[in-house]
Amino acid sequence: EPTSILKYPEGLSLEIPTRIIFEPSILIKDFSIWINGGYSFSKVNFKYTVSNGAPFPLNFQMRFSETSNTVNPGPAILPPAFEAANSDGVNFIPITSEYVLTLNDDQLQSFLTGETVQFETWFNRADLIESQDTFLSNYPITISIVLHGEISAEI
């Protein structure tokens with residue numbers, strides 16, 4: 001099986017199967033959310049701003065669920081993959097991408113009834129994996145998600 005080497009800031013290196021770079025990883029399994037007030041959302045979209053310092057396109061998926069149903073979370077909310085960092089030949093320069101995703105009816109229902117959210121990430125393969133076998137373990141990635149919604153107040 002092909003392997004890659006991860007270099008850690010402490011100077012340590014670890015050889016890993018290359019495939020695990022591209023396998024999904026749950027960042028946060030249960031992140032409690034509450035929307036304060038008596039609001040009824042009729043439309044919701046999320047504006048993602050992602051700065052990806054990694055050399056591979058980044059996927060970032062969310063699933064909302066009720067706390068009693070974390071085994072079967074709601075439908076995936078998955079924008080297109082965020083661009084990989086640019087290489088200057090020595091370093092990778094983070095690329096910032098923005099995307100607005102409007103929730104469909106099933107996603108909106110899951111968001112409205114959900115009390116927790118699960119974040120899952122993975123990288124898409126890129127040609128770089130064929131020409132380089134050593135990668136940093138800590139490329140900088142920042143993710144901002146802003147909720148925009150149409151609401152009606154419940155009186």
# chains A, B, ... in the order shown; residues from 1 in each chain; ligands from 1

call {"tool": "residues_around", "arguments": {"residues": "stretch 94-107 of chain A", "least_positions_apart": "6", "cutoff": "12 Å", "atoms": "only C-alpha atoms", "output": "number ranges by chain"}}
result
A: 41-65, 73-88, 113-114, 117, 139-150

call {"tool": "select_by_dssp", "arguments": {"residues": "chain A", "states": "strand (DSSP E)", "output": "ChimeraX atom specification"}}
result
/A:3-7,13-17,25-32,39-52,58-65,86-87,92-93,95-102,116-123,134-136,141-153

call {"tool": "write_last_selection", "arguments": {"atoms": "C-alpha atoms", "output": "compact mmCIF listing (two decimals), in the first residue's frame"}}
result
# COMPACT_ATOMS: atom_id res chain seq x y z
CA THR A 3 2.53 5.50 2.11
CA SER A 4 3.17 9.16 2.88
CA ILE A 5 5.17 10.84 5.61
CA LEU A 6 3.68 13.43 7.95
CA LYS A 7 6.17 15.90 9.42
CA SER A 13 7.84 12.16 11.32
CA LEU A 14 5.22 9.47 10.94
CA GLU A 15 4.72 7.16 7.96
CA ILE A 16 1.02 6.57 7.22
CA PRO A 17 -1.00 4.84 4.50
CA SER A 25 -12.78 12.33 9.64
CA ILE A 26 -15.33 13.57 12.15
CA LEU A 27 -14.08 16.81 13.67
CA ILE A 28 -16.84 17.33 16.20
CA LYS A 29 -19.47 14.68 16.70
CA ASP A 30 -21.91 16.62 18.86
CA PHE A 31 -21.87 20.42 18.88
CA SER A 32 -24.94 21.77 20.65
CA TYR A 39 -38.41 32.43 15.46
CA SER A 40 -39.66 30.35 12.58
CA PHE A 41 -37.22 30.05 9.70
CA SER A 42 -38.74 29.77 6.25
CA LYS A 43 -35.41 29.82 4.40
CA VAL A 44 -31.83 29.33 5.58
CA ASN A 45 -28.51 29.52 3.86
CA PHE A 46 -24.99 29.18 5.15
CA LYS A 47 -22.15 31.36 3.91
CA TYR A 48 -18.88 29.45 4.18
CA THR A 49 -15.55 31.28 4.15
CA VAL A 50 -12.69 28.80 4.19
CA SER A 51 -8.97 29.50 4.16
CA ASN A 52 -7.32 26.23 3.13
CA LEU A 58 -11.07 20.35 1.38
CA ASN A 59 -14.59 18.98 1.85
CA PHE A 60 -16.56 20.19 4.86
CA GLN A 61 -19.87 18.50 5.65
CA MET A 62 -22.44 19.20 8.36
CA ARG A 63 -25.33 17.04 9.58
CA PHE A 64 -27.88 18.20 12.13
CA SER A 65 -29.68 15.82 14.48
CA ASN A 86 -1.16 27.31 -3.95
CA SER A 87 2.47 26.21 -3.97
CA PHE A 92 1.84 26.30 0.42
CA ILE A 93 -0.01 29.63 0.45
CA ILE A 95 -6.42 30.09 -0.60
CA THR A 96 -9.63 31.66 0.73
CA SER A 97 -12.87 30.51 -0.90
CA GLU A 98 -16.46 31.54 -0.23
CA TYR A 99 -19.62 29.64 -1.00
CA VAL A 100 -23.28 30.19 -0.11
CA LEU A 101 -25.44 27.09 0.21
CA THR A 102 -29.23 27.34 0.54
CA THR A 116 -26.55 19.00 17.66
CA VAL A 117 -24.42 19.22 14.55
CA GLN A 118 -21.71 16.85 13.32
CA PHE A 119 -18.77 18.25 11.32
CA GLU A 120 -16.92 15.92 8.97
CA THR A 121 -13.98 16.72 6.69
CA TRP A 122 -11.87 15.01 4.06
CA PHE A 123 -9.52 15.96 1.25
CA THR A 134 6.02 14.15 2.60
CA PHE A 135 3.43 16.55 4.00
CA LEU A 136 3.07 18.69 7.11
CA ILE A 141 -7.26 25.81 7.85
CA THR A 142 -9.88 28.28 9.08
CA ILE A 143 -13.59 27.87 8.58
CA SER A 144 -16.25 30.51 9.14
CA ILE A 145 -19.95 29.74 8.75
CA VAL A 146 -22.52 32.53 8.85
CA LEU A 147 -26.23 31.72 8.94
CA HIS A 148 -28.56 33.89 6.89
CA GLY A 149 -32.27 33.22 7.19
CA GLU A 150 -35.71 34.48 6.49
CA ILE A 151 -37.71 34.46 9.72
CA SER A 152 -41.08 35.35 11.07
CA ALA A 153 -41.47 36.18 14.73

call {"tool": "atom_distance", "arguments": {"atom1": "atom CA of A:Pro24", "atom2": "atom CA of A:Glu115"}}
result
22.6 Å

call {"tool": "select_by_dssp", "arguments": {"residues": "chain A", "states": "alpha helix (DSSP H)", "output": "number ranges by chain"}}
result
A: 105-113, 128-131

call {"tool": "atom_distance", "arguments": {"atom1": "atom CA of A:Glu23", "atom2": "atom CA of A:Glu66"}}
result
25.7 Å

call {"tool": "closest_residue", "arguments": {"among": "A:Asn91, A:Asn72, A:Thr18, A:Asn124", "to": "A:Ser110", "atoms": "only C-alpha atoms"}}
result
A:Asn72

call {"tool": "atom_distance", "arguments": {"atom1": "atom CA of A:Pro9", "atom2": "atom CA of A:Asp127"}}
result
24.9 Å
